[in-house]
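Containing compact mmCIF, C-alpha atoms and all ligand atoms: entry-v1.txt.
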```
# COMPACT_ATOMS: atom_id res chain seq x y z
CA MET E 535 -34.47 16.67 -7.97
CA LYS E 536 -32.58 14.28 -5.67
CA LYS E 537 -28.94 13.43 -6.17
CA ILE E 538 -27.60 9.92 -5.56
CA ILE E 539 -23.97 8.85 -5.91
CA SER E 540 -23.07 5.17 -6.25
CA LEU E 541 -19.55 4.35 -5.12
CA VAL E 542 -17.89 1.46 -6.93
CA GLY E 543 -14.36 0.16 -6.97
CA ALA E 544 -14.05 -3.50 -7.87
CA ARG E 545 -15.25 -5.94 -10.53
CA PRO E 546 -18.24 -7.31 -8.60
CA ASN E 547 -19.35 -3.74 -7.76
CA PHE E 548 -19.71 -2.84 -11.42
CA ILE E 549 -21.96 -5.87 -11.97
CA LYS E 550 -24.13 -4.83 -9.00
CA ILE E 551 -24.49 -1.17 -9.93
CA ALA E 552 -25.28 -1.67 -13.64
CA PRO E 553 -28.92 -2.79 -13.09
CA LEU E 554 -29.51 0.15 -10.74
CA HIS E 555 -28.17 2.63 -13.27
CA LYS E 556 -30.49 1.25 -15.94
CA VAL E 557 -33.56 1.70 -13.72
CA PHE E 558 -32.45 5.13 -12.45
CA LYS E 559 -32.43 6.32 -16.06
CA LYS E 560 -36.22 5.81 -16.11
CA PHE E 561 -36.54 8.18 -13.16
CA SER E 562 -34.25 10.91 -14.47
CA ASP E 563 -36.93 13.52 -13.82
CA VAL E 564 -36.69 12.93 -10.06
CA VAL E 565 -33.23 11.41 -9.48
CA ASN E 566 -29.83 12.42 -10.78
CA HIS E 567 -27.73 9.24 -10.43
CA LYS E 568 -23.97 9.66 -10.58
CA ILE E 569 -21.20 7.07 -10.40
CA CYS E 570 -17.92 7.46 -8.53
CA HIS E 571 -15.15 4.92 -9.30
CA THR E 572 -12.52 4.69 -6.58
CA GLY E 573 -9.93 3.03 -8.81
CA GLN E 574 -9.57 -0.03 -6.55
CA HIS E 575 -9.66 -2.22 -9.68
CA PHE E 576 -8.10 -0.32 -12.53
CA ASP E 577 -6.85 -2.86 -15.11
CA GLU E 578 -8.58 -2.78 -18.48
CA ASN E 579 -9.94 -6.32 -18.00
CA MET E 580 -11.01 -5.80 -14.36
CA SER E 581 -12.71 -2.44 -14.89
CA LYS E 582 -13.15 -0.82 -18.33
CA ILE E 583 -14.46 -3.96 -20.01
CA PHE E 584 -17.26 -4.12 -17.41
CA PHE E 585 -18.28 -0.50 -18.01
CA ASP E 586 -18.40 -1.22 -21.75
CA GLU E 587 -20.20 -4.57 -21.56
CA LEU E 588 -22.66 -3.56 -18.86
CA ASP E 589 -23.61 -0.32 -20.62
CA LEU E 590 -22.36 1.84 -17.78
CA PRO E 591 -21.40 5.43 -18.60
CA LYS E 592 -17.91 6.75 -17.94
CA PRO E 593 -17.82 7.40 -14.17
CA ASP E 594 -18.65 10.96 -13.16
CA PHE E 595 -15.81 10.89 -10.64
CA TYR E 596 -12.62 8.83 -10.63
CA LEU E 597 -10.61 8.82 -7.42
CA GLY E 598 -7.54 6.97 -8.72
CA ILE E 599 -6.90 4.96 -5.55
CA GLY E 600 -5.40 1.64 -6.66
CA GLY E 601 -3.00 -0.67 -4.85
CA GLY E 602 -1.50 -0.19 -1.40
CA THR E 603 -2.33 -1.88 1.89
CA HIS E 604 -5.92 -2.12 3.08
CA THR E 605 -5.37 0.89 5.31
CA GLU E 606 -3.73 2.95 2.57
CA GLN E 607 -6.51 2.09 0.17
CA THR E 608 -9.35 2.73 2.63
CA ALA E 609 -7.81 5.99 3.84
CA GLY E 610 -7.06 7.15 0.30
CA ILE E 611 -10.62 6.53 -0.81
CA MET E 612 -11.98 8.30 2.28
CA ILE E 613 -9.90 11.42 1.67
CA GLU E 614 -10.80 11.69 -1.99
CA PHE E 615 -14.46 10.69 -1.63
CA GLU E 616 -14.98 13.32 1.07
CA LYS E 617 -14.01 15.98 -1.49
CA VAL E 618 -16.60 14.63 -3.93
CA LEU E 619 -19.31 14.64 -1.26
CA LEU E 620 -18.43 18.16 -0.12
CA GLN E 621 -18.71 19.41 -3.67
CA GLU E 622 -21.77 17.39 -4.73
CA LYS E 623 -23.81 17.27 -1.52
CA PRO E 624 -25.84 14.19 -2.56
CA ASP E 625 -29.02 13.16 -0.75
CA LEU E 626 -27.84 9.56 -0.58
CA ILE E 627 -24.94 7.32 -1.50
CA ILE E 628 -25.22 3.69 -2.61
CA VAL E 629 -22.45 1.26 -1.70
CA PRO E 630 -22.66 -2.28 -3.10
CA GLY E 631 -20.96 -5.42 -1.81
CA ASP E 632 -18.09 -5.80 0.61
CA VAL E 633 -14.88 -4.32 -0.78
CA ASN E 634 -12.72 -1.61 0.79
CA SER E 635 -14.48 1.03 -1.34
CA THR E 636 -17.82 -0.03 0.21
CA MET E 637 -16.68 0.49 3.79
CA ALA E 638 -14.63 3.61 3.04
CA GLY E 639 -17.65 5.26 1.38
CA ALA E 640 -19.94 4.38 4.27
CA LEU E 641 -17.50 5.79 6.84
CA VAL E 642 -17.19 9.13 5.05
CA ALA E 643 -20.89 9.59 4.31
CA SER E 644 -22.04 8.65 7.81
CA LYS E 645 -19.83 11.33 9.42
CA MET E 646 -21.17 13.90 6.96
CA GLY E 647 -24.78 13.02 7.75
CA ILE E 648 -25.44 11.71 4.25
CA ARG E 649 -27.79 8.76 4.02
CA ILE E 650 -26.36 5.40 2.94
CA ALA E 651 -27.93 2.49 1.09
CA HIS E 652 -26.04 -0.80 1.26
CA VAL E 653 -26.82 -3.21 -1.55
CA GLU E 654 -26.09 -6.85 -0.67
CA SER E 655 -26.41 -6.23 3.03
CA GLY E 656 -26.50 -8.78 5.86
CA LEU E 657 -24.25 -11.49 4.41
CA ARG E 658 -21.95 -12.96 7.04
CA SER E 659 -19.22 -15.60 6.87
CA PHE E 660 -18.56 -15.17 10.61
CA ASP E 661 -14.87 -15.17 9.71
CA ARG E 662 -13.20 -11.90 10.66
CA SER E 663 -9.94 -13.02 9.04
CA MET E 664 -11.64 -12.12 5.74
CA PRO E 665 -11.30 -8.40 4.98
CA GLU E 666 -14.71 -8.57 3.28
CA GLU E 667 -16.39 -9.61 6.54
CA ILE E 668 -15.07 -6.51 8.29
CA ASN E 669 -16.14 -4.31 5.38
CA ARG E 670 -19.67 -5.75 5.36
CA THR E 671 -20.19 -5.56 9.09
CA VAL E 672 -19.01 -1.95 9.40
CA THR E 673 -21.02 -0.87 6.36
CA ASP E 674 -24.19 -2.45 7.73
CA MET E 675 -23.74 -0.74 11.09
CA LEU E 676 -23.61 2.64 9.35
CA SER E 677 -26.27 2.21 6.67
CA ASP E 678 -29.77 3.70 6.62
CA TYR E 679 -31.28 1.35 4.03
CA LEU E 680 -30.06 -2.24 4.05
CA PHE E 681 -30.98 -4.22 0.94
CA VAL E 682 -30.74 -7.95 1.57
CA SER E 683 -30.22 -10.60 -1.12
CA GLU E 684 -31.07 -13.78 0.81
CA LYS E 685 -33.03 -14.44 3.97
CA SER E 686 -29.99 -15.34 6.11
CA GLY E 687 -29.17 -11.63 5.87
CA ILE E 688 -32.34 -10.64 7.70
CA ASP E 689 -31.48 -12.94 10.62
CA ASN E 690 -27.88 -11.75 10.73
CA LEU E 691 -28.86 -8.09 10.87
CA SER E 692 -31.52 -8.73 13.47
CA ARG E 693 -28.98 -10.58 15.64
CA GLU E 694 -26.69 -7.56 15.38
CA GLY E 695 -29.45 -5.31 16.67
CA ILE E 696 -30.18 -3.44 13.46
CA ASP E 697 -33.63 -1.86 13.35
CA SER E 698 -35.79 -4.05 11.11
CA ASN E 699 -37.44 -0.93 9.64
CA LYS E 700 -34.16 -0.24 7.83
CA VAL E 701 -33.91 -3.76 6.36
CA PHE E 702 -35.48 -4.68 3.01
CA PHE E 703 -35.41 -8.16 1.46
CA VAL E 704 -35.21 -7.33 -2.22
CA GLY E 705 -33.38 -10.29 -3.82
CA ASN E 706 -30.08 -10.55 -5.61
CA ILE E 707 -28.90 -7.69 -7.79
CA MET E 708 -26.16 -9.83 -9.45
CA ILE E 709 -28.94 -11.91 -10.95
CA ASP E 710 -30.47 -8.78 -12.52
CA SER E 711 -27.32 -8.39 -14.62
CA LEU E 712 -27.25 -12.09 -15.45
CA VAL E 713 -30.87 -12.10 -16.60
CA HIS E 714 -30.42 -8.89 -18.60
CA TYR E 715 -27.34 -10.09 -20.47
CA LEU E 716 -28.44 -13.71 -20.95
CA PRO E 717 -29.02 -13.34 -24.71
CA GLY E 718 -25.42 -12.13 -25.14
CA ILE E 719 -24.14 -14.82 -22.78
CA ASN E 720 -25.94 -17.47 -24.86
CA ALA E 721 -24.48 -16.00 -28.05
CA SER E 722 -20.86 -15.82 -26.84
CA LEU E 723 -18.37 -17.87 -28.86
CA ILE E 724 -15.85 -18.24 -26.03
CA THR E 725 -16.23 -22.02 -25.63
CA ILE E 726 -15.63 -22.50 -29.35
CA ASN E 727 -12.74 -20.05 -29.36
CA LEU E 728 -11.09 -21.91 -26.47
CA ASP E 729 -11.79 -25.27 -28.12
CA LEU E 730 -13.96 -26.54 -25.27
CA SER E 731 -16.92 -28.85 -25.54
CA TYR E 732 -20.24 -28.28 -23.82
CA ASN E 733 -20.55 -29.71 -20.28
CA ASN E 734 -17.12 -31.27 -20.57
CA TYR E 735 -14.69 -28.91 -18.84
CA ILE E 736 -14.09 -27.38 -15.42
CA LEU E 737 -13.99 -23.62 -14.88
CA VAL E 738 -11.85 -22.39 -12.00
CA THR E 739 -11.28 -19.06 -10.22
CA PHE E 740 -9.22 -18.31 -7.12
CA HIS E 741 -8.46 -14.92 -5.63
CA ARG E 742 -9.19 -14.91 -1.88
CA PRO E 743 -6.08 -13.89 0.09
CA GLY E 744 -6.40 -16.97 2.33
CA ASN E 745 -6.03 -19.22 -0.72
CA VAL E 746 -3.58 -17.37 -2.94
CA ASP E 747 -1.32 -15.22 -0.77
CA ASN E 748 0.93 -17.91 0.61
CA LEU E 749 3.18 -20.31 -1.25
CA LYS E 750 1.98 -23.50 0.42
CA ASN E 751 -1.71 -22.95 -0.30
CA LEU E 752 -1.15 -21.73 -3.83
CA LYS E 753 1.15 -24.64 -4.64
CA THR E 754 -1.50 -27.05 -3.37
CA ILE E 755 -4.04 -25.39 -5.68
CA VAL E 756 -1.69 -25.76 -8.66
CA ASN E 757 -1.24 -29.45 -7.80
CA LEU E 758 -4.99 -29.95 -7.48
CA LEU E 759 -5.70 -28.37 -10.86
CA ASN E 760 -2.98 -30.49 -12.47
CA ARG E 761 -4.52 -33.64 -10.97
CA ILE E 762 -8.12 -32.90 -11.99
CA SER E 763 -6.98 -31.84 -15.46
CA GLY E 764 -6.19 -35.53 -15.93
CA GLU E 765 -9.98 -36.06 -15.93
CA LYS E 766 -11.26 -32.97 -17.74
CA LYS E 767 -9.87 -29.85 -19.34
CA VAL E 768 -9.55 -27.03 -16.79
CA VAL E 769 -9.98 -23.34 -17.69
CA PHE E 770 -8.55 -20.85 -15.22
CA PRO E 771 -9.05 -17.10 -15.83
CA VAL E 772 -6.42 -15.74 -13.46
CA HIS E 773 -7.22 -12.77 -11.21
CA PRO E 774 -4.39 -10.17 -11.10
CA ARG E 775 -3.72 -10.86 -7.42
CA THR E 776 -3.38 -14.59 -8.10
CA LYS E 777 -1.21 -14.00 -11.16
CA GLY E 778 1.12 -11.77 -9.16
CA ASN E 779 1.52 -14.47 -6.53
CA LEU E 780 1.97 -17.28 -9.08
CA GLU E 781 4.78 -15.22 -10.59
CA LYS E 782 6.29 -14.32 -7.22
CA PHE E 783 6.36 -17.96 -6.09
CA GLY E 784 7.63 -19.25 -9.46
CA LEU E 785 4.46 -21.32 -10.02
CA LEU E 786 3.18 -19.81 -13.24
CA LYS E 787 4.97 -22.35 -15.41
CA GLN E 788 4.05 -25.33 -13.21
CA PHE E 789 0.65 -26.03 -14.77
CA ASP E 790 0.06 -29.12 -16.91
CA LYS E 791 -0.98 -28.60 -20.52
CA ASN E 792 -4.62 -29.49 -19.85
CA VAL E 793 -4.93 -26.44 -17.58
CA LEU E 794 -5.70 -23.46 -19.77
CA LEU E 795 -4.72 -20.15 -18.14
CA THR E 796 -6.35 -16.97 -19.44
CA ASP E 797 -6.43 -13.33 -18.42
CA PRO E 798 -9.51 -12.29 -16.43
CA LEU E 799 -12.43 -12.49 -18.83
CA GLY E 800 -15.15 -10.02 -19.60
CA TYR E 801 -18.55 -10.55 -17.98
CA VAL E 802 -20.36 -12.07 -20.95
CA ASP E 803 -17.62 -14.53 -21.87
CA PHE E 804 -17.04 -15.54 -18.26
CA LEU E 805 -20.70 -16.31 -17.64
CA SER E 806 -20.92 -18.16 -20.92
CA LEU E 807 -18.06 -20.38 -19.76
CA ALA E 808 -19.74 -20.88 -16.39
CA LYS E 809 -23.08 -21.74 -17.98
CA ASP E 810 -21.61 -24.43 -20.23
CA ALA E 811 -19.18 -25.95 -17.70
CA GLU E 812 -19.70 -29.33 -16.09
CA LEU E 813 -18.37 -27.93 -12.86
CA VAL E 814 -17.06 -24.64 -11.44
CA ILE E 815 -14.44 -24.60 -8.68
CA THR E 816 -14.05 -21.21 -7.01
CA ASP E 817 -13.50 -19.13 -3.92
CA SER E 818 -15.52 -16.22 -5.32
CA GLY E 819 -18.62 -14.85 -3.62
CA GLY E 820 -20.61 -13.87 -6.69
CA ILE E 821 -19.86 -17.02 -8.66
CA GLN E 822 -21.49 -19.17 -5.95
CA GLU E 823 -24.68 -17.23 -6.65
CA GLU E 824 -24.49 -17.19 -10.42
CA THR E 825 -23.91 -20.96 -10.60
CA THR E 826 -26.87 -21.57 -8.29
CA PHE E 827 -29.07 -19.43 -10.51
CA MET E 828 -27.91 -21.29 -13.63
CA GLY E 829 -28.09 -24.74 -11.98
CA ILE E 830 -24.38 -25.39 -12.50
CA GLN E 831 -22.47 -27.49 -9.96
CA CYS E 832 -20.08 -25.33 -7.95
CA ILE E 833 -17.43 -26.35 -5.43
CA THR E 834 -16.50 -23.53 -3.07
CA VAL E 835 -12.97 -23.87 -1.75
CA ARG E 836 -13.51 -22.11 1.55
CA ASN E 837 -14.37 -23.16 5.08
CA ASN E 838 -17.44 -20.95 5.19
CA THR E 839 -19.78 -19.03 2.95
CA GLU E 840 -21.64 -15.79 3.59
CA ARG E 841 -24.14 -17.02 0.96
CA PRO E 842 -25.60 -20.10 2.71
CA VAL E 843 -28.71 -20.23 0.53
CA THR E 844 -26.50 -21.43 -2.35
CA VAL E 845 -25.58 -24.48 -0.26
CA ASP E 846 -28.96 -25.02 1.39
CA ILE E 847 -31.09 -24.96 -1.76
CA GLY E 848 -28.68 -24.25 -4.62
CA THR E 849 -25.97 -26.19 -6.43
CA ASN E 850 -23.07 -25.07 -4.26
CA HIS E 851 -20.88 -27.67 -2.47
CA LEU E 852 -18.95 -26.08 0.40
CA ALA E 853 -15.89 -28.33 0.40
CA GLY E 854 -13.50 -26.55 2.76
CA THR E 855 -9.84 -25.90 2.02
CA ASP E 856 -8.52 -29.46 2.31
CA LEU E 857 -7.81 -30.00 -1.37
CA ASP E 858 -7.98 -33.80 -1.13
CA ILE E 859 -11.63 -33.33 -0.13
CA VAL E 860 -12.10 -30.83 -2.98
CA GLU E 861 -10.68 -33.35 -5.45
CA ASP E 862 -12.82 -36.13 -4.05
CA THR E 863 -15.94 -33.91 -4.30
CA ALA E 864 -15.08 -32.99 -7.90
CA LEU E 865 -14.64 -36.63 -8.90
CA LYS E 866 -17.94 -37.59 -7.26
CA ILE E 867 -19.76 -34.78 -9.07
CA MET E 868 -18.27 -35.87 -12.39
CA LYS E 869 -19.47 -39.40 -11.66
CA GLY E 870 -23.02 -38.09 -11.17
CA ALA E 871 -23.35 -36.91 -7.54
CA LYS E 872 -24.90 -33.64 -8.66
CA LYS E 873 -27.07 -31.40 -6.50
CA LYS E 874 -30.43 -30.66 -8.06
CA GLY E 875 -30.75 -27.13 -6.76
CA SER E 876 -33.44 -24.49 -7.00
CA ILE E 877 -33.42 -20.73 -7.41
CA PRO E 878 -33.64 -18.70 -4.17
CA GLU E 879 -36.55 -16.39 -3.50
CA LEU E 880 -36.57 -13.06 -5.38
CA TRP E 881 -33.56 -13.92 -7.56
CA ASP E 882 -35.70 -12.92 -10.50
CA GLY E 883 -33.97 -10.08 -12.31
CA LYS E 884 -36.15 -7.41 -10.70
CA THR E 885 -34.13 -6.49 -7.63
CA ALA E 886 -33.05 -3.06 -8.96
CA ASN E 887 -36.71 -2.10 -9.48
CA ARG E 888 -37.54 -3.05 -5.91
CA ILE E 889 -34.57 -1.10 -4.51
CA ILE E 890 -35.35 2.02 -6.51
CA ASP E 891 -39.05 1.94 -5.63
CA ILE E 892 -38.05 1.95 -1.96
CA LEU E 893 -35.41 4.67 -2.36
CA ILE E 894 -37.74 6.95 -4.30
CA ASP E 895 -40.41 6.41 -1.71
CA LYS E 896 -37.98 7.36 1.06
CA LEU E 897 -36.26 10.27 -0.69
CA VAL E 898 -38.81 11.80 -3.02
CA ASN E 899 -42.11 11.10 -1.25
CA PRO E 900 -41.02 10.82 2.40
N1 LIG W 1001 -16.08 -12.60 -13.41
C1 LIG W 1001 -15.77 -12.14 -14.69
N2 LIG W 1001 -14.61 -12.54 -15.28
C2 LIG W 1001 -13.72 -13.38 -14.67
C3 LIG W 1001 -14.04 -13.83 -13.36
C4 LIG W 1001 -15.22 -13.41 -12.76
O1 LIG W 1001 -16.56 -11.42 -15.29
O2 LIG W 1001 -12.68 -13.70 -15.26
C5 LIG W 1001 -17.31 -12.14 -12.76
C6 LIG W 1001 -18.19 -13.23 -12.21
O3 LIG W 1001 -19.13 -13.68 -13.11
C7 LIG W 1001 -18.86 -12.57 -11.05
C8 LIG W 1001 -17.89 -11.53 -10.59
O4 LIG W 1001 -16.94 -11.38 -11.63
O5 LIG W 1001 -20.02 -11.93 -11.46
C9 LIG W 1001 -17.28 -12.00 -9.30
O6 LIG W 1001 -16.20 -11.28 -9.02
P1 LIG W 1001 -15.07 -11.80 -8.04
O7 LIG W 1001 -15.05 -13.28 -8.00
O8 LIG W 1001 -13.85 -11.05 -8.44
O9 LIG W 1001 -15.53 -11.16 -6.66
P2 LIG W 1001 -16.35 -11.71 -5.43
O10 LIG W 1001 -17.73 -12.02 -5.90
O11 LIG W 1001 -15.62 -12.86 -4.87
O12 LIG W 1001 -16.35 -10.55 -4.49
```

Would you write out, as structure tokens, the structure that this file holds?
Ligand code: UDP
Amino acid sequence: MKKIISLVGARPNFIKIAPLHKVFKKFSDVVNHKICHTGQHFDENMSKIFFDELDLPKPDFYLGIGGGTHTEQTAGIMIEFEKVLLQEKPDLIIVPGDVNSTMAGALVASKMGIRIAHVESGLRSFDRSMPEEINRTVTDMLSDYLFVSEKSGIDNLSREGIDSNKVFFVGNIMIDSLVHYLPGINASLITINLDLSYNNYILVTFHRPGNVDNLKNLKTIVNLLNRISGEKKVVFPVHPRTKGNLEKFGLLKQFDKNVLLTDPLGYVDFLSLAKDAELVITDSGGIQEETTFMGIQCITVRNNTERPVTVDIGTNHLAGTDLDIVEDTALKIMKGAKKKGSIPELWDGKTANRIIDILIDKLVNP
């Protein structure tokens, strides 16, 4: 029997690990899959709701490391996760995505000689001012099995000198969750409950530090949302980081009445809103992918994306951070300048199966 521990900490991690857990259950005679939650996201609506909705069991280990600076968080996770690894002695750990938990887990396991699988490997924004870029790059350097979601990842890893025998193009694990929960997403009543009409509102999320951590940028975002809400109703589920900053800068009450602020939403309701929106405006990583899969127009308010396939063949418009350009792009899309878009290769809902076939091959039948 092989033991595998998946290390998760933040909202997007839960969405990426859920499909793997479902498939691991089918192999419970050969693999004991355990989940360790670092506590990076701990609010009810950023964590527990995802475990409930995505049919994840209560984590086997909870490290309780929330808040703090990046260093405090990374170091705290490392110290506590080392204790789990010393006690459990797993054959492999799985780290998804690009958050501090991902990199912290990889650092600890690599020094203990424990094999590491990185899910969603190879993505690069080439912008080291993003903490996620540092997390991804370090994790990839240390990983033994690198599971890539889009082909740009293969090129990026090859350029960084990573042995191609360790790299596997398996498709996008986020899409596994989307495909699995589509019936529930289609059945959600959130648009009705929020009094929205199909294809006639704009869904917005912002949480990247570069956009929301300073007054000037956040104020410009508030102004932009107020302006576009003159055209269409805007729905804005507010990430805790963004909410904290809106409060700190006294901006929370500055929204016009056509901008509907909500708490962060559960997975099913959020994707239902995304699926029925005319347009999504975001700085999220995962939402660029989900909108491309669903054929929904997405404006990404960043100067770069680590997910270029969503721009090259999907429905993503990379508009930069000049909000006049973002507004102009939004107006053009609403007037009909929509990208047609197609679904990237292997975004088919079967990525977890491909990953687990490879891992079992490597661990159980080496
Ligand atoms: N999401 C959600 N509720 C929300 C906002 C986002 O369930 O209120 C989901 C979204 O569908 C996506 C994931 O959270 O799957 C993305 O997380 P986030 O934007 O926080 O992280 P990123 O992808 O930027 O790392």

Work out how far apart atom CA of Asp589 of chain E and atom CA of Asp882 of chain E are and give it in Å to one decimal. 20.2 Å

Could you give me the residues within 9 Å of ligand LIG 1001 (chain W), counting only C-alpha atoms and all ligand atoms, as an NGL selection string? :E and (544-550 or 579-580 or 584 or 631-633 or 666 or 708-709 or 711-712 or 738-742 or 770-773 or 796-805 or 808 or 816-824)

Could you jot down the atom CA of Thr825 of chain E to atom CA of Leu813 of chain E separation for me, Å, one decimal place?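 Atom CA of Thr825 of chain E sits 9.2 Å away from atom CA of Leu813 of chain E.
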
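Residue nearest Gly600 of chain E within the list E:Phe576, E:Pro743, E:Val713, E:Arg761: E:Phe576 [criterion: smallest interatomic distance, only C-alpha atoms].
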
Tell me which of E:Leu807, E:Val756, E:Leu541, E:Leu626 sits closest to Leu723 of chain E, counting only C-alpha atoms.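 Comparing E:Leu807, E:Val756, E:Leu541, E:Leu626 against Leu723 of chain E, the winner is E:Leu807.
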
Top pick for closest residue to Arg658 of chain E, considering E:Gln607, E:Ser686, E:Asn745, E:Thr834 and counting all atoms listed in the file: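 So, comparing all the options, the nearest one is E:Ser686.
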
Interatomic distance (Å, one decimal) between atom CA of Ile650 of chain E and atom CA of Ser540 of chain E: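 These two atoms are separated by 9.8 Å.
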
Taking into account only C-alpha atoms, which residue in the set E:Leu588, E:Val629, E:Val704, E:Leu691 is nearest to Asn669 of chain E? E:Val629

Among E:Lys767, E:His714, E:Lys809, E:Lys869, Glu587 of chain E is approached most closely, using all atoms listed in the file, by E:His714

Could you tell me which of E:Asp661, E:Leu759, E:Ser806, E:Ala638 comes closest to Ala721 of chain E if we count all atoms listed in the file?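 Checking each candidate against Ala721 of chain E, we get E:Ser806 as the closest.
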
Can you list, as a PyMOL selection string, every protein, DNA or RNA residue that comes within 9 Å of Ile648 of chain E when you count all atoms listed in the file, leaving out same-chain residues fewer than 6 positions away? chain E and resi 619+623-627+642

Hey, what's within 8 Å of Arg775 of chain E if we count all atoms listed in the file and toss same-chain stuff fewer than 3 positions away? As a VMD selection string, please? chain E and resid 741 746 778 to 779

Centre and size of axis-aligned box enclosing segment 763-778 of chain E plus 4 Å each side, as AutoDock Vina command-line options:
```
--center_x -5.1 --center_y -23.1 --center_z -13.4 --size_x 20.4 --size_y 33.9 --size_z 19.9
```

How would segment 650-670 of chain E of the given structure read as a file with N, CA and C atoms, as a PDB file, in the first residue's frame?
```
ATOM      1  N   ILE E 650       7.658  14.418  -5.087  1.00  0.00           N
ATOM      2  CA  ILE E 650       6.674  15.512  -5.183  1.00  0.00           C
ATOM      3  C   ILE E 650       6.026  15.496  -6.558  1.00  0.00           C
ATOM      4  N   ALA E 651       4.699  15.585  -6.571  1.00  0.00           N
ATOM      5  CA  ALA E 651       3.972  15.778  -7.828  1.00  0.00           C
ATOM      6  C   ALA E 651       3.359  17.174  -7.811  1.00  0.00           C
ATOM      7  N   HIS E 652       3.652  17.958  -8.840  1.00  0.00           N
ATOM      8  CA  HIS E 652       3.068  19.301  -8.929  1.00  0.00           C
ATOM      9  C   HIS E 652       1.967  19.287  -9.992  1.00  0.00           C
ATOM     10  N   VAL E 653       0.766  19.587  -9.539  1.00  0.00           N
ATOM     11  CA  VAL E 653      -0.374  19.636 -10.457  1.00  0.00           C
ATOM     12  C   VAL E 653      -0.612  21.078 -10.851  1.00  0.00           C
ATOM     13  N   GLU E 654      -0.629  21.333 -12.155  1.00  0.00           N
ATOM     14  CA  GLU E 654      -0.717  22.664 -12.747  1.00  0.00           C
ATOM     15  C   GLU E 654       0.684  23.276 -12.810  1.00  0.00           C
ATOM     16  N   SER E 655       1.571  22.460 -13.326  1.00  0.00           N
ATOM     17  CA  SER E 655       2.978  22.829 -13.430  1.00  0.00           C
ATOM     18  C   SER E 655       3.233  23.619 -14.721  1.00  0.00           C
ATOM     19  N   GLY E 656       4.329  24.382 -14.726  1.00  0.00           N
ATOM     20  CA  GLY E 656       4.827  24.984 -15.971  1.00  0.00           C
ATOM     21  C   GLY E 656       4.218  26.319 -16.351  1.00  0.00           C
ATOM     22  N   LEU E 657       3.171  26.757 -15.661  1.00  0.00           N
ATOM     23  CA  LEU E 657       2.583  28.057 -16.024  1.00  0.00           C
ATOM     24  C   LEU E 657       3.553  29.164 -15.617  1.00  0.00           C
ATOM     25  N   ARG E 658       3.694  30.151 -16.476  1.00  0.00           N
ATOM     26  CA  ARG E 658       4.596  31.266 -16.163  1.00  0.00           C
ATOM     27  C   ARG E 658       3.990  32.583 -16.655  1.00  0.00           C
ATOM     28  N   SER E 659       3.980  33.577 -15.759  1.00  0.00           N
ATOM     29  CA  SER E 659       3.581  34.931 -16.165  1.00  0.00           C
ATOM     30  C   SER E 659       4.816  35.756 -16.526  1.00  0.00           C
ATOM     31  N   PHE E 660       5.988  35.245 -16.161  1.00  0.00           N
ATOM     32  CA  PHE E 660       7.262  35.958 -16.329  1.00  0.00           C
ATOM     33  C   PHE E 660       7.262  37.267 -15.558  1.00  0.00           C
ATOM     34  N   ASP E 661       6.536  37.305 -14.470  1.00  0.00           N
ATOM     35  CA  ASP E 661       6.423  38.511 -13.650  1.00  0.00           C
ATOM     36  C   ASP E 661       6.721  38.115 -12.209  1.00  0.00           C
ATOM     37  N   ARG E 662       7.976  38.335 -11.806  1.00  0.00           N
ATOM     38  CA  ARG E 662       8.388  37.900 -10.466  1.00  0.00           C
ATOM     39  C   ARG E 662       7.834  38.806  -9.363  1.00  0.00           C
ATOM     40  N   SER E 663       7.116  39.881  -9.750  1.00  0.00           N
ATOM     41  CA  SER E 663       6.496  40.678  -8.686  1.00  0.00           C
ATOM     42  C   SER E 663       5.242  39.977  -8.162  1.00  0.00           C
ATOM     43  N   MET E 664       4.810  38.914  -8.875  1.00  0.00           N
ATOM     44  CA  MET E 664       3.662  38.133  -8.382  1.00  0.00           C
ATOM     45  C   MET E 664       4.177  37.019  -7.473  1.00  0.00           C
ATOM     46  N   PRO E 665       3.689  36.966  -6.231  1.00  0.00           N
ATOM     47  CA  PRO E 665       4.155  35.879  -5.357  1.00  0.00           C
ATOM     48  C   PRO E 665       3.905  34.507  -5.971  1.00  0.00           C
ATOM     49  N   GLU E 666       2.820  34.385  -6.735  1.00  0.00           N
ATOM     50  CA  GLU E 666       2.483  33.080  -7.329  1.00  0.00           C
ATOM     51  C   GLU E 666       3.569  32.614  -8.294  1.00  0.00           C
ATOM     52  N   GLU E 667       4.199  33.556  -8.999  1.00  0.00           N
ATOM     53  CA  GLU E 667       5.224  33.181  -9.977  1.00  0.00           C
ATOM     54  C   GLU E 667       6.434  32.571  -9.269  1.00  0.00           C
ATOM     55  N   ILE E 668       6.773  33.134  -8.122  1.00  0.00           N
ATOM     56  CA  ILE E 668       7.889  32.588  -7.343  1.00  0.00           C
ATOM     57  C   ILE E 668       7.508  31.197  -6.835  1.00  0.00           C
ATOM     58  N   ASN E 669       6.303  31.074  -6.326  1.00  0.00           N
ATOM     59  CA  ASN E 669       5.851  29.777  -5.800  1.00  0.00           C
ATOM     60  C   ASN E 669       5.884  28.695  -6.878  1.00  0.00           C
ATOM     61  N   ARG E 670       5.392  29.042  -8.075  1.00  0.00           N
ATOM     62  CA  ARG E 670       5.356  28.048  -9.162  1.00  0.00           C
ATOM     63  C   ARG E 670       6.751  27.629  -9.591  1.00  0.00           C
TER      64      ARG E 670
END
```
